[in-house]
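Undergrad: Pasting final-v5.cif below, which is mmCIF, C-alpha atoms.
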```cif
data_input
#
loop_
_atom_site.label_atom_id
_atom_site.label_comp_id
_atom_site.auth_asym_id
_atom_site.auth_seq_id
_atom_site.Cartn_x
_atom_site.Cartn_y
_atom_site.Cartn_z
CA MET A 1 0.00 0.00 0.00
CA LYS A 2 1.38 3.41 -0.99
CA LYS A 3 2.09 5.94 1.74
CA LYS A 4 0.11 9.17 1.50
CA PHE A 5 2.31 12.12 0.56
CA ARG A 6 2.01 14.70 3.32
CA LEU A 7 3.87 17.95 3.89
CA SER A 8 5.11 18.59 7.43
CA LEU A 9 3.79 21.63 9.32
CA ALA A 10 7.17 23.36 8.96
CA THR A 11 7.12 22.87 5.17
CA GLN A 12 3.52 24.11 4.92
CA ILE A 13 4.41 27.24 6.92
CA LEU A 14 7.47 27.87 4.74
CA VAL A 15 5.27 27.56 1.63
CA GLY A 16 2.81 30.06 3.16
CA LEU A 17 5.71 32.38 4.04
CA THR A 18 7.19 32.20 0.51
CA LEU A 19 3.84 32.78 -1.20
CA GLY A 20 3.12 35.67 1.17
CA ILE A 21 6.43 37.34 0.29
CA ILE A 22 5.77 36.87 -3.45
CA VAL A 23 2.18 38.20 -3.31
CA GLY A 24 3.21 41.08 -1.01
CA GLY A 25 6.04 41.98 -3.39
CA ILE A 26 3.78 41.91 -6.45
CA PHE A 27 1.19 44.16 -4.79
CA TYR A 28 3.70 46.41 -2.99
CA GLY A 29 2.16 49.81 -2.20
CA SER A 30 -1.40 48.65 -2.92
CA PRO A 31 -3.70 49.29 0.09
CA LYS A 32 -6.35 46.94 -1.37
CA ILE A 33 -4.26 43.81 -0.78
CA GLU A 34 -4.35 44.43 2.99
CA THR A 35 -8.16 44.26 2.87
CA TYR A 36 -7.97 40.67 1.61
CA LEU A 37 -4.88 39.35 3.43
CA GLN A 38 -5.15 40.96 6.88
CA PRO A 39 -8.30 38.99 7.85
CA LEU A 40 -6.42 35.70 7.22
CA GLY A 41 -3.67 36.73 9.67
CA ASP A 42 -6.15 38.17 12.18
CA ILE A 43 -8.27 34.99 12.21
CA PHE A 44 -5.20 32.88 12.97
CA LEU A 45 -4.00 35.21 15.76
CA HIS A 46 -7.52 35.31 17.23
CA LEU A 47 -7.64 31.50 17.21
CA ILE A 48 -4.33 31.44 19.11
CA LYS A 49 -5.54 34.00 21.67
CA MET A 50 -8.71 31.91 22.06
CA ILE A 51 -6.82 28.78 23.14
CA VAL A 52 -3.89 30.23 25.14
CA VAL A 53 -5.79 31.25 28.30
CA PRO A 54 -7.71 27.95 28.78
CA ILE A 55 -4.47 25.99 28.23
CA ILE A 56 -2.47 28.01 30.77
CA ILE A 57 -5.22 27.88 33.40
CA SER A 58 -5.93 24.15 33.04
CA THR A 59 -2.31 22.95 32.80
CA LEU A 60 -1.15 25.17 35.66
CA ILE A 61 -3.99 24.09 37.95
CA VAL A 62 -3.35 20.40 37.14
CA GLY A 63 0.42 20.83 37.58
CA VAL A 64 0.21 22.74 40.87
CA ALA A 65 -2.56 20.55 42.31
CA GLY A 66 -0.51 17.46 41.39
CA THR A 67 2.43 18.84 43.37
CA GLY A 68 0.45 20.54 46.12
CA ASP A 69 3.61 21.83 47.81
CA MET A 70 3.59 25.59 48.45
CA LYS A 71 7.18 25.57 49.65
CA GLN A 72 8.36 23.83 46.49
CA LEU A 73 6.35 26.23 44.32
CA GLY A 74 7.78 29.26 46.15
CA ARG A 75 11.30 27.92 45.63
CA LEU A 76 10.61 27.38 41.91
CA GLY A 77 9.23 30.93 41.60
CA GLY A 78 12.28 32.45 43.31
CA LYS A 79 14.75 30.45 41.20
CA SER A 80 12.87 31.25 37.97
CA LEU A 81 12.87 35.01 38.60
CA LEU A 82 16.57 34.92 39.53
CA TYR A 83 17.39 33.03 36.33
CA PHE A 84 15.24 35.37 34.22
CA GLU A 85 16.96 38.44 35.67
CA ILE A 86 20.46 37.06 35.04
CA ILE A 87 19.75 36.00 31.43
CA THR A 88 17.92 39.20 30.43
CA THR A 89 20.74 41.28 31.97
CA VAL A 90 23.27 39.29 29.92
CA ALA A 91 21.10 39.95 26.83
CA ILE A 92 21.18 43.72 27.51
CA VAL A 93 24.97 43.66 28.03
CA VAL A 94 25.49 41.67 24.78
CA GLY A 95 23.29 44.19 22.93
CA LEU A 96 25.19 47.20 24.33
CA LEU A 97 28.59 45.65 23.54
CA SER A 98 27.50 44.82 20.00
CA ALA A 99 26.19 48.35 19.34
CA ASN A 100 29.37 49.92 20.80
CA LEU A 101 31.63 47.66 18.77
CA PHE A 102 29.90 47.95 15.37
CA GLN A 103 28.34 51.45 15.62
CA PRO A 104 25.26 50.75 13.43
CA GLY A 105 23.95 54.33 13.71
CA ALA A 106 27.17 56.12 12.83
CA GLY A 107 27.10 58.03 9.53
CA ILE A 108 23.36 57.51 8.94
CA ASN A 109 21.73 60.38 7.02
CA MET A 110 18.34 60.89 8.68
CA ASN A 111 17.07 62.80 5.63
CA GLU A 112 17.20 59.55 3.63
CA LEU A 113 15.00 57.70 6.11
CA SER A 114 11.20 57.60 6.11
CA GLN A 115 9.44 58.02 9.45
CA GLY A 116 6.80 55.67 10.76
CA ASP A 117 3.85 56.55 13.00
CA ILE A 118 4.62 55.87 16.68
CA SER A 119 1.76 57.90 18.21
CA LYS A 120 -0.11 54.81 19.48
CA TYR A 121 3.03 53.65 21.31
CA VAL A 122 3.49 57.11 22.86
CA ALA A 123 -0.06 56.94 24.27
CA THR A 124 0.59 53.50 25.76
CA THR A 125 3.90 54.69 27.23
CA GLU A 126 2.16 57.52 29.07
CA GLU A 127 -0.07 54.94 30.79
CA VAL A 128 2.96 52.80 31.73
CA LYS A 129 4.91 55.83 33.05
CA HIS A 130 2.08 56.79 35.40
CA GLU A 131 2.38 53.46 37.18
CA GLY A 132 4.26 53.38 40.48
CA PRO A 133 7.15 51.01 41.23
CA PHE A 134 4.86 48.52 42.99
CA ASP A 135 2.01 48.67 40.48
CA ILE A 136 3.30 45.59 38.62
CA ILE A 137 3.23 43.59 41.88
CA VAL A 138 -0.25 44.91 42.75
CA GLY A 139 -1.42 44.17 39.19
CA ILE A 140 -0.42 40.52 39.54
CA VAL A 141 -3.33 40.02 41.97
CA PRO A 142 -6.56 40.18 39.94
CA THR A 143 -9.70 41.84 41.30
CA ASN A 144 -11.76 40.01 38.69
CA ILE A 145 -10.33 36.84 37.17
CA ILE A 146 -12.92 36.83 34.34
CA GLN A 147 -11.79 40.33 33.34
CA ALA A 148 -8.12 39.26 33.58
CA MET A 149 -8.92 36.31 31.28
CA SER A 150 -10.73 38.52 28.75
CA GLU A 151 -7.79 40.97 28.70
CA GLY A 152 -5.18 38.19 28.49
CA ASP A 153 -3.46 39.49 31.64
CA MET A 154 -0.96 36.62 31.90
CA LEU A 155 0.54 37.42 35.33
CA ALA A 156 -2.90 37.73 36.95
CA ILE A 157 -4.03 34.48 35.30
CA ILE A 158 -0.91 32.66 36.52
CA PHE A 159 -1.40 33.99 40.08
CA PHE A 160 -5.04 32.86 40.21
CA SER A 161 -4.27 29.44 38.69
CA VAL A 162 -1.46 28.78 41.20
CA ILE A 163 -3.67 29.74 44.18
CA PHE A 164 -6.58 27.70 42.80
CA GLY A 165 -4.31 24.68 42.19
CA LEU A 166 -3.01 24.85 45.76
CA GLY A 167 -6.64 25.00 46.97
CA VAL A 168 -7.57 21.88 44.96
CA ALA A 169 -4.56 20.03 46.45
CA ALA A 170 -5.43 21.19 50.00
CA ILE A 171 -8.97 19.74 50.01
CA GLY A 172 -7.72 16.26 49.06
CA GLU A 173 -10.30 13.75 47.75
CA ARG A 174 -13.01 16.43 47.46
CA GLY A 175 -10.81 18.20 44.90
CA LYS A 176 -10.43 15.11 42.67
CA PRO A 177 -13.49 15.86 40.46
CA VAL A 178 -12.19 19.43 39.97
CA LEU A 179 -8.74 18.10 39.06
CA ASP A 180 -10.27 15.59 36.61
CA PHE A 181 -12.30 18.40 35.03
CA PHE A 182 -9.23 20.60 34.42
CA GLN A 183 -7.23 17.59 33.16
CA GLY A 184 -10.03 17.03 30.66
CA VAL A 185 -9.96 20.72 29.69
CA ALA A 186 -6.18 20.55 29.17
CA ASP A 187 -6.40 17.41 27.01
CA THR A 188 -9.25 18.93 24.97
CA MET A 189 -7.42 22.23 24.43
CA PHE A 190 -4.28 20.45 23.19
CA TRP A 191 -6.46 18.63 20.65
CA VAL A 192 -7.94 22.01 19.64
CA THR A 193 -4.38 23.39 19.34
CA ASN A 194 -3.49 20.72 16.76
CA LEU A 195 -6.65 21.66 14.84
CA VAL A 196 -5.82 25.41 14.94
CA MET A 197 -2.28 24.68 13.66
CA LYS A 198 -3.78 23.41 10.39
CA PHE A 199 -4.71 27.04 9.67
CA ALA A 200 -1.19 28.31 10.49
CA PRO A 201 0.18 28.31 6.87
CA ILE A 202 -2.80 30.43 5.71
CA GLY A 203 -2.38 32.82 8.67
CA VAL A 204 1.34 33.15 7.94
CA PHE A 205 0.59 33.83 4.25
CA GLY A 206 -1.75 36.68 5.23
CA LEU A 207 0.50 38.25 7.85
CA ILE A 208 3.73 38.24 5.84
CA GLY A 209 1.90 39.31 2.66
CA VAL A 210 0.56 42.43 4.40
CA THR A 211 3.99 43.26 5.86
CA VAL A 212 5.79 43.03 2.51
CA SER A 213 3.05 44.92 0.62
CA LYS A 214 3.22 47.74 3.19
CA TYR A 215 6.96 48.18 3.64
CA GLY A 216 8.52 46.27 0.76
CA PHE A 217 12.25 45.58 0.88
CA ALA A 218 13.34 49.15 0.08
CA SER A 219 12.85 50.12 3.75
CA LEU A 220 15.58 47.63 4.70
CA ILE A 221 18.32 49.22 2.56
CA PRO A 222 19.06 52.43 4.59
CA LEU A 223 18.72 50.48 7.86
CA GLY A 224 20.41 47.33 6.54
CA LYS A 225 23.35 47.66 8.92
CA LEU A 226 21.00 47.78 11.92
CA ALA A 227 18.97 44.78 10.71
CA ILE A 228 22.09 42.68 9.99
CA LEU A 229 23.66 43.59 13.34
CA VAL A 230 20.47 42.77 15.29
CA TYR A 231 20.16 39.34 13.62
CA ALA A 232 23.89 38.56 13.94
CA THR A 233 23.85 39.49 17.65
CA MET A 234 20.76 37.37 18.21
CA LEU A 235 22.46 34.38 16.59
CA PHE A 236 25.50 34.96 18.82
CA PHE A 237 23.22 35.09 21.87
CA ILE A 238 21.42 31.87 20.90
CA PHE A 239 24.46 29.75 20.05
CA VAL A 240 26.98 31.16 22.54
CA VAL A 241 25.07 32.45 25.60
CA LEU A 242 22.06 30.10 25.53
CA GLY A 243 24.32 27.39 24.08
CA LEU A 244 26.55 27.55 27.17
CA VAL A 245 23.52 27.54 29.51
CA ALA A 246 22.17 24.49 27.67
CA LYS A 247 25.56 22.75 27.87
CA PHE A 248 25.78 23.29 31.63
CA THR A 249 22.42 21.58 32.00
CA GLY A 250 23.38 18.68 29.72
CA ILE A 251 21.26 19.74 26.74
CA SER A 252 22.48 20.63 23.26
CA ILE A 253 21.10 23.95 21.95
CA PHE A 254 21.17 22.43 18.43
CA PHE A 255 19.01 19.54 19.62
CA LEU A 256 16.55 21.96 21.28
CA ILE A 257 16.30 24.03 18.08
CA LYS A 258 15.66 20.87 16.02
CA VAL A 259 12.92 19.84 18.47
CA LEU A 260 11.31 23.28 18.17
CA LYS A 261 11.83 23.61 14.39
CA ASP A 262 8.12 23.88 13.49
CA GLU A 263 7.38 26.29 16.34
CA LEU A 264 10.36 28.54 15.55
CA ILE A 265 9.36 28.85 11.89
CA LEU A 266 5.81 29.72 12.99
CA ALA A 267 7.02 32.20 15.64
CA PHE A 268 9.30 33.86 13.07
CA SER A 269 6.57 34.08 10.44
CA THR A 270 3.89 35.51 12.76
CA ALA A 271 6.20 37.51 15.10
CA SER A 272 4.02 36.11 17.89
CA SER A 273 5.27 34.09 20.87
CA GLU A 274 1.68 33.28 21.82
CA ALA A 275 1.20 31.45 18.53
CA VAL A 276 3.52 28.65 19.68
CA LEU A 277 2.95 28.67 23.45
CA PRO A 278 0.71 25.55 23.63
CA ARG A 279 2.95 23.41 21.41
CA VAL A 280 6.15 24.56 23.13
CA MET A 281 4.66 23.57 26.51
CA MET A 282 3.71 20.14 25.12
CA LYS A 283 7.18 19.53 23.72
CA MET A 284 9.08 20.63 26.85
CA GLU A 285 6.97 18.24 28.89
CA LYS A 286 7.79 15.44 26.43
CA LEU A 287 11.48 16.32 26.75
CA GLY A 288 11.43 15.63 30.48
CA ALA A 289 10.35 18.78 32.32
CA PRO A 290 7.46 18.14 34.78
CA LYS A 291 4.02 19.57 33.95
CA ASP A 292 3.95 22.00 36.92
CA ILE A 293 7.38 23.45 36.04
CA VAL A 294 6.55 23.84 32.33
CA SER A 295 3.13 25.39 32.98
CA PHE A 296 4.63 27.87 35.48
CA VAL A 297 8.01 28.78 33.96
CA ILE A 298 7.10 29.28 30.28
CA PRO A 299 4.03 31.58 30.72
CA THR A 300 5.88 33.56 33.44
CA GLY A 301 8.89 33.81 31.14
CA TYR A 302 6.65 35.47 28.53
CA SER A 303 6.51 38.45 30.92
CA PHE A 304 9.92 38.33 32.59
CA ASN A 305 12.29 36.52 30.22
CA LEU A 306 12.15 38.32 26.86
CA ASP A 307 15.80 37.82 25.91
CA GLY A 308 15.39 38.78 22.25
CA SER A 309 13.40 41.90 23.08
CA THR A 310 15.83 43.23 25.70
CA LEU A 311 18.83 42.55 23.43
CA TYR A 312 17.12 44.45 20.59
CA GLN A 313 16.15 47.35 22.89
CA ALA A 314 19.79 47.83 23.94
CA ILE A 315 20.99 47.90 20.30
CA ALA A 316 18.12 50.16 19.15
CA ALA A 317 18.74 52.67 21.97
CA LEU A 318 22.42 53.07 21.05
CA PHE A 319 21.59 53.08 17.32
CA ILE A 320 19.34 56.13 17.81
CA ALA A 321 21.95 57.84 20.01
CA GLN A 322 24.64 57.25 17.36
CA MET A 323 22.30 58.47 14.59
CA TYR A 324 21.86 61.79 16.45
CA GLY A 325 25.60 61.96 17.22
CA ILE A 326 25.02 61.58 20.98
CA HIS A 327 27.89 59.99 22.87
CA LEU A 328 26.81 58.00 25.92
CA SER A 329 29.39 57.57 28.66
CA ILE A 330 29.88 54.23 30.44
CA GLY A 331 27.91 55.63 33.37
CA GLU A 332 24.99 56.60 31.11
CA GLN A 333 25.04 53.18 29.46
CA ILE A 334 24.94 51.52 32.88
CA THR A 335 21.94 53.74 33.72
CA LEU A 336 20.34 52.69 30.42
CA MET A 337 20.95 49.02 31.29
CA LEU A 338 19.43 49.40 34.79
CA VAL A 339 16.36 51.21 33.43
CA LEU A 340 15.87 48.55 30.73
CA MET A 341 16.10 45.84 33.41
CA VAL A 342 13.12 47.43 35.18
CA THR A 343 10.99 48.70 32.26
CA SER A 344 11.19 45.46 30.26
CA LYS A 345 9.51 43.41 33.00
CA GLY A 346 5.84 42.62 33.36
CA ILE A 347 4.34 44.47 30.35
CA ALA A 348 4.50 41.67 27.77
CA GLY A 349 0.76 41.99 27.08
CA VAL A 350 1.18 45.59 25.90
CA PRO A 351 0.97 45.94 22.06
CA GLY A 352 4.35 46.85 20.53
CA VAL A 353 6.06 46.11 23.85
CA SER A 354 9.61 46.76 22.59
CA PHE A 355 8.66 50.23 21.33
CA VAL A 356 6.83 51.00 24.57
CA VAL A 357 9.86 49.96 26.64
CA LEU A 358 12.19 52.06 24.48
CA LEU A 359 9.91 55.11 24.68
CA ALA A 360 9.82 54.78 28.46
CA THR A 361 13.62 54.38 28.61
CA LEU A 362 15.31 56.66 26.05
CA GLY A 363 14.50 59.93 27.80
CA THR A 364 16.32 58.85 30.97
CA VAL A 365 19.68 59.10 29.18
CA GLY A 366 18.86 62.04 26.92
CA ILE A 367 18.15 60.14 23.67
CA PRO A 368 15.38 61.76 21.55
CA ILE A 369 12.35 59.44 21.46
CA GLU A 370 11.52 60.83 17.99
CA GLY A 371 14.36 58.64 16.68
CA LEU A 372 12.13 55.57 17.07
CA ALA A 373 10.01 56.79 14.15
CA PHE A 374 12.99 56.15 11.85
CA ILE A 375 13.15 52.43 12.72
CA ALA A 376 9.37 51.85 12.86
CA GLY A 377 9.37 50.68 9.21
CA ILE A 378 11.62 47.69 9.87
CA ASP A 379 10.35 46.90 13.37
CA ARG A 380 8.21 44.02 12.07
CA ILE A 381 11.26 42.44 10.37
CA LEU A 382 13.28 42.73 13.59
CA ASP A 383 10.31 41.57 15.70
CA MET A 384 10.29 38.26 13.80
CA GLY A 385 13.88 37.57 14.92
CA ARG A 386 13.47 38.63 18.54
CA THR A 387 10.34 36.45 18.85
CA VAL A 388 12.43 33.39 17.92
CA VAL A 389 15.03 34.26 20.60
CA ASN A 390 12.24 34.73 23.18
CA VAL A 391 10.77 31.30 22.37
CA ILE A 392 14.13 29.49 22.56
CA GLY A 393 15.03 31.32 25.79
CA ASN A 394 11.78 30.39 27.55
CA SER A 395 11.82 26.79 26.31
CA LEU A 396 15.36 26.37 27.64
CA ALA A 397 14.38 28.05 30.92
CA SER A 398 11.81 25.32 31.68
CA LEU A 399 14.46 22.61 31.17
CA VAL A 400 17.01 24.55 33.25
CA MET A 401 14.50 24.89 36.11
CA ALA A 402 13.62 21.19 35.91
CA LYS A 403 17.35 20.33 36.19
CA TRP A 404 17.91 22.89 38.98
CA GLU A 405 15.00 21.40 40.95
CA GLY A 406 16.40 17.89 40.42
CA ARG A 407 13.17 16.80 38.73
CA PHE A 408 14.28 16.46 35.11
CA ASP A 409 13.22 13.11 33.60
CA SER A 410 16.20 11.97 31.50
CA GLU A 411 14.35 8.81 30.41
CA LYS A 412 11.64 10.92 28.81
CA MET A 413 14.25 12.80 26.79
CA LYS A 414 15.91 9.55 25.71
CA ASN A 415 12.56 8.13 24.63
CA TYR A 416 11.71 11.33 22.74
CA PHE A 417 15.09 11.10 21.02
CA LYS A 418 14.44 7.45 20.07
CA ASP A 419 10.95 8.24 18.73
CA ASN A 420 12.30 11.14 16.67
CA LYS A 421 15.53 9.77 15.16
CA ASN A 422 15.46 12.49 12.50
CA LEU A 423 16.56 14.92 15.24
CA ALA A 424 19.93 13.21 15.55
#
```
Show me the file's structure as structure tokens.
TA:
Amino acid sequence: MKKKFRLSLATQILVGLTLGIIVGGIFYGSPKIETYLQPLGDIFLHLIKMIVVPIIISTLIVGVAGTGDMKQLGRLGGKSLLYFEIITTVAIVVGLLSANLFQPGAGINMNELSQGDISKYVATTEEVKHEGPFDIIVGIVPTNIIQAMSEGDMLAIIFFSVIFGLGVAAIGERGKPVLDFFQGVADTMFWVTNLVMKFAPIGVFGLIGVTVSKYGFASLIPLGKLAILVYATMLFFIFVVLGLVAKFTGISIFFLIKVLKDELILAFSTASSEAVLPRVMMKMEKLGAPKDIVSFVIPTGYSFNLDGSTLYQAIAALFIAQMYGIHLSIGEQITLMLVLMVTSKGIAGVPGVSFVVLLATLGTVGIPIEGLAFIAGIDRILDMGRTVVNVIGNSLASLVMAKWEGRFDSEKMKNYFKDNKNLA
């Protein structure tokens, strides 16, 4: 009997990506094409947003209730935040060193650059600036969990799910029907995820087609040095920094990337970390990280461990300073680093988060925020790369935490490796 010819998800997404680039290029500058393609991308992103919250709530409740140990959970939370802070700080330092060494903004003629509209980001930044230093902590505790779910407030959802899971564990046998219900929800939502992924190539086609038709490739030429430097630095960060972290925990970064191949292509194409969250969680669990660690570390990392975003923010800040001929002393760059460490945390749900963080940061070291308008045109291209770094960083974080807690299941990884020999 002949085997049915079937394209893998990664191949389908690449086909969608290629066709999107071609169609976007053909209809470059035509506003009509957005009318037809944007709905395809929006439907896919809406489908992803639809499944993310139920998956996080159900898996976290099941994971926490299965453990039922508040002390262990508190220790995991403390270790995770410490790890996130160290890695994101390293990302900022790598970004600053790269921008200082290669000077991407030096000699740029601003008259040759087109300016994008950043007004919506300015409005969001004003809201963020008016928050006090403890507002992020206060905001973690939801006043209305239904509202938090509708707004996709990830930190509030995680907080509620952890408390609820501990409550289910505390009431023992009486909590078993509740636990069974959420296990059923989790299993159902993972089935729904696989169904939604069938639409991914069409969504990718729509999203990339709109991007290319809007900005074309001409916008890359004047800012080519910045784009090349950002991508080269991200590759350095993945293979050297995260590669060393992976090696210390007994995992090959190349193996991890092969495991996440489909998800990384999808994340790159959509510039959305959320698009791959359910499948990344499934795969990290299959690789040997316990359910409670995966369901806590990865969603939390989406707010506190944005390695690609912080690295980009450091390069972009110095790029704008260099473009305006502003020399930042070591002291000012240290100030910039410290401010980025604070402003980049806890606002992952904000649209255009990297722009918002930069707008809230640049003024502290005397860099004109108007400079961001010059890089707005290629932000989508750069966002695709930093999304990939964020996904790899958070996937690795769950395995690191599992190892650190002494709960990593090596047998599971071996079995996964045996079942997927093509990853060798």
Undergrad: Which residues of region 317-415 of chain A sit at most 9 Å from region 237-259 of chain A, using only C-alpha atoms? Give each one's shortest atom pair and distance in Å (one decimal place), in chain and ascending residue order, as a tab-separated table.
TA:
```
residue	atom	partner	partner_atom	distance
A:Val389	CA	A:Ile238	CA	6.8
A:Ile392	CA	A:Ile257	CA	7.4
A:Gly393	CA	A:Leu242	CA	7.1
A:Ser395	CA	A:Leu256	CA	8.4
A:Leu396	CA	A:Ala246	CA	7.1
A:Leu399	CA	A:Thr249	CA	8.1
A:Val400	CA	A:Thr249	CA	6.3
A:Lys403	CA	A:Thr249	CA	6.7
A:Trp404	CA	A:Thr249	CA	8.4
```
Undergrad: Restricting the output to C-alpha atoms, write the selected residues as an mmCIF file, in the coordinates of the input.
TA:
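Contents of selection.cif, freshly written:
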```cif
data_model
loop_
_atom_site.group_PDB
_atom_site.id
_atom_site.type_symbol
_atom_site.label_atom_id
_atom_site.label_comp_id
_atom_site.auth_asym_id
_atom_site.auth_seq_id
_atom_site.Cartn_x
_atom_site.Cartn_y
_atom_site.Cartn_z
ATOM 1 C CA VAL A 389 15.030 34.260 20.600
ATOM 2 C CA ILE A 392 14.130 29.490 22.560
ATOM 3 C CA GLY A 393 15.030 31.320 25.790
ATOM 4 C CA SER A 395 11.820 26.790 26.310
ATOM 5 C CA LEU A 396 15.360 26.370 27.640
ATOM 6 C CA LEU A 399 14.460 22.610 31.170
ATOM 7 C CA VAL A 400 17.010 24.550 33.250
ATOM 8 C CA LYS A 403 17.350 20.330 36.190
ATOM 9 C CA TRP A 404 17.910 22.890 38.980
#
```
Undergrad: Quick one: which residues end up in the PyMOL selection byres ((chain A and resi 335) around 12) for this structure, as a PDB file with C-alpha atoms, keeping the file's coordinate frame?
TA:
```pdb
ATOM      1  CA  ILE A  92      21.180  43.720  27.510  1.00  0.00           C
ATOM      2  CA  VAL A  93      24.970  43.660  28.030  1.00  0.00           C
ATOM      3  CA  LEU A  96      25.190  47.200  24.330  1.00  0.00           C
ATOM      4  CA  ALA A 314      19.790  47.830  23.940  1.00  0.00           C
ATOM      5  CA  LEU A 328      26.810  58.000  25.920  1.00  0.00           C
ATOM      6  CA  SER A 329      29.390  57.570  28.660  1.00  0.00           C
ATOM      7  CA  ILE A 330      29.880  54.230  30.440  1.00  0.00           C
ATOM      8  CA  GLY A 331      27.910  55.630  33.370  1.00  0.00           C
ATOM      9  CA  GLU A 332      24.990  56.600  31.110  1.00  0.00           C
ATOM     10  CA  GLN A 333      25.040  53.180  29.460  1.00  0.00           C
ATOM     11  CA  ILE A 334      24.940  51.520  32.880  1.00  0.00           C
ATOM     12  CA  LEU A 336      20.340  52.690  30.420  1.00  0.00           C
ATOM     13  CA  MET A 337      20.950  49.020  31.290  1.00  0.00           C
ATOM     14  CA  LEU A 338      19.430  49.400  34.790  1.00  0.00           C
ATOM     15  CA  VAL A 339      16.360  51.210  33.430  1.00  0.00           C
ATOM     16  CA  LEU A 340      15.870  48.550  30.730  1.00  0.00           C
ATOM     17  CA  MET A 341      16.100  45.840  33.410  1.00  0.00           C
ATOM     18  CA  VAL A 342      13.120  47.430  35.180  1.00  0.00           C
ATOM     19  CA  THR A 361      13.620  54.380  28.610  1.00  0.00           C
ATOM     20  CA  LEU A 362      15.310  56.660  26.050  1.00  0.00           C
ATOM     21  CA  GLY A 363      14.500  59.930  27.800  1.00  0.00           C
ATOM     22  CA  THR A 364      16.320  58.850  30.970  1.00  0.00           C
ATOM     23  CA  VAL A 365      19.680  59.100  29.180  1.00  0.00           C
ATOM     24  CA  GLY A 366      18.860  62.040  26.920  1.00  0.00           C
TER      25      GLY A 366
END
```
Undergrad: Within 9 Å of region 30-36 of chain A, counting all atoms listed in the file, which residues show up once you throw out same-chain ones fewer than 4 positions away? Write them as a short mmCIF file (atom, residue, chain, number, x, y, z; two decimals) with C-alpha atoms, in the coordinates of the input, please.
TA:
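Generated file (around31.cif):
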```cif
data_model
loop_
_atom_site.label_atom_id
_atom_site.label_comp_id
_atom_site.auth_asym_id
_atom_site.auth_seq_id
_atom_site.Cartn_x
_atom_site.Cartn_y
_atom_site.Cartn_z
CA VAL A 23 2.18 38.20 -3.31
CA GLY A 24 3.21 41.08 -1.01
CA LEU A 40 -6.42 35.70 7.22
CA GLY A 206 -1.75 36.68 5.23
CA GLY A 209 1.90 39.31 2.66
CA VAL A 210 0.56 42.43 4.40
CA THR A 211 3.99 43.26 5.86
CA SER A 213 3.05 44.92 0.62
CA LYS A 214 3.22 47.74 3.19
#
```
Undergrad: Residues within 6 Å of region 11-17 of chain A, please, as a ChimeraX atom specification. Count all atoms listed in the file; anything in the same chain fewer than 6 positions from it doesn't count.
TA: /A:201,204-205
Undergrad: Name the residues that the PyMOL selection byres ((chain A and resi 385) around 9) pulls out of this structure, and write them as a PDB file with C-alpha atoms, keeping the file's coordinate frame.
TA:
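Output file out20.pdb is given in full below:
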```pdb
ATOM      1  CA  VAL A 230      20.470  42.770  15.290  1.00  0.00           C
ATOM      2  CA  TYR A 231      20.160  39.340  13.620  1.00  0.00           C
ATOM      3  CA  MET A 234      20.760  37.370  18.210  1.00  0.00           C
ATOM      4  CA  ALA A 267       7.020  32.200  15.640  1.00  0.00           C
ATOM      5  CA  PHE A 268       9.300  33.860  13.070  1.00  0.00           C
ATOM      6  CA  ALA A 271       6.200  37.510  15.100  1.00  0.00           C
ATOM      7  CA  GLY A 308      15.390  38.780  22.250  1.00  0.00           C
ATOM      8  CA  ILE A 381      11.260  42.440  10.370  1.00  0.00           C
ATOM      9  CA  LEU A 382      13.280  42.730  13.590  1.00  0.00           C
ATOM     10  CA  ASP A 383      10.310  41.570  15.700  1.00  0.00           C
ATOM     11  CA  MET A 384      10.290  38.260  13.800  1.00  0.00           C
ATOM     12  CA  ARG A 386      13.470  38.630  18.540  1.00  0.00           C
ATOM     13  CA  THR A 387      10.340  36.450  18.850  1.00  0.00           C
ATOM     14  CA  VAL A 388      12.430  33.390  17.920  1.00  0.00           C
ATOM     15  CA  VAL A 389      15.030  34.260  20.600  1.00  0.00           C
ATOM     16  CA  ASN A 390      12.240  34.730  23.180  1.00  0.00           C
TER      17      ASN A 390
END
```
Undergrad: So, with all atoms listed in the file as the atoms that count, which of A:Leu226, A:Val64, A:Ile367, A:Val94 lies closest to Ala317 (chain A)?
TA: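 Smallest distance to Ala317 (chain A) is found for A:Ile367.
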Undergrad: Using only C-alpha atoms, which of the listed residues (A:Thr67, A:Gln72, A:Ser150, A:Ser273) sits closest to Gly167 (chain A)?
TA: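 Counting only C-alpha atoms, the residue closest to Gly167 (chain A) is A:Thr67.
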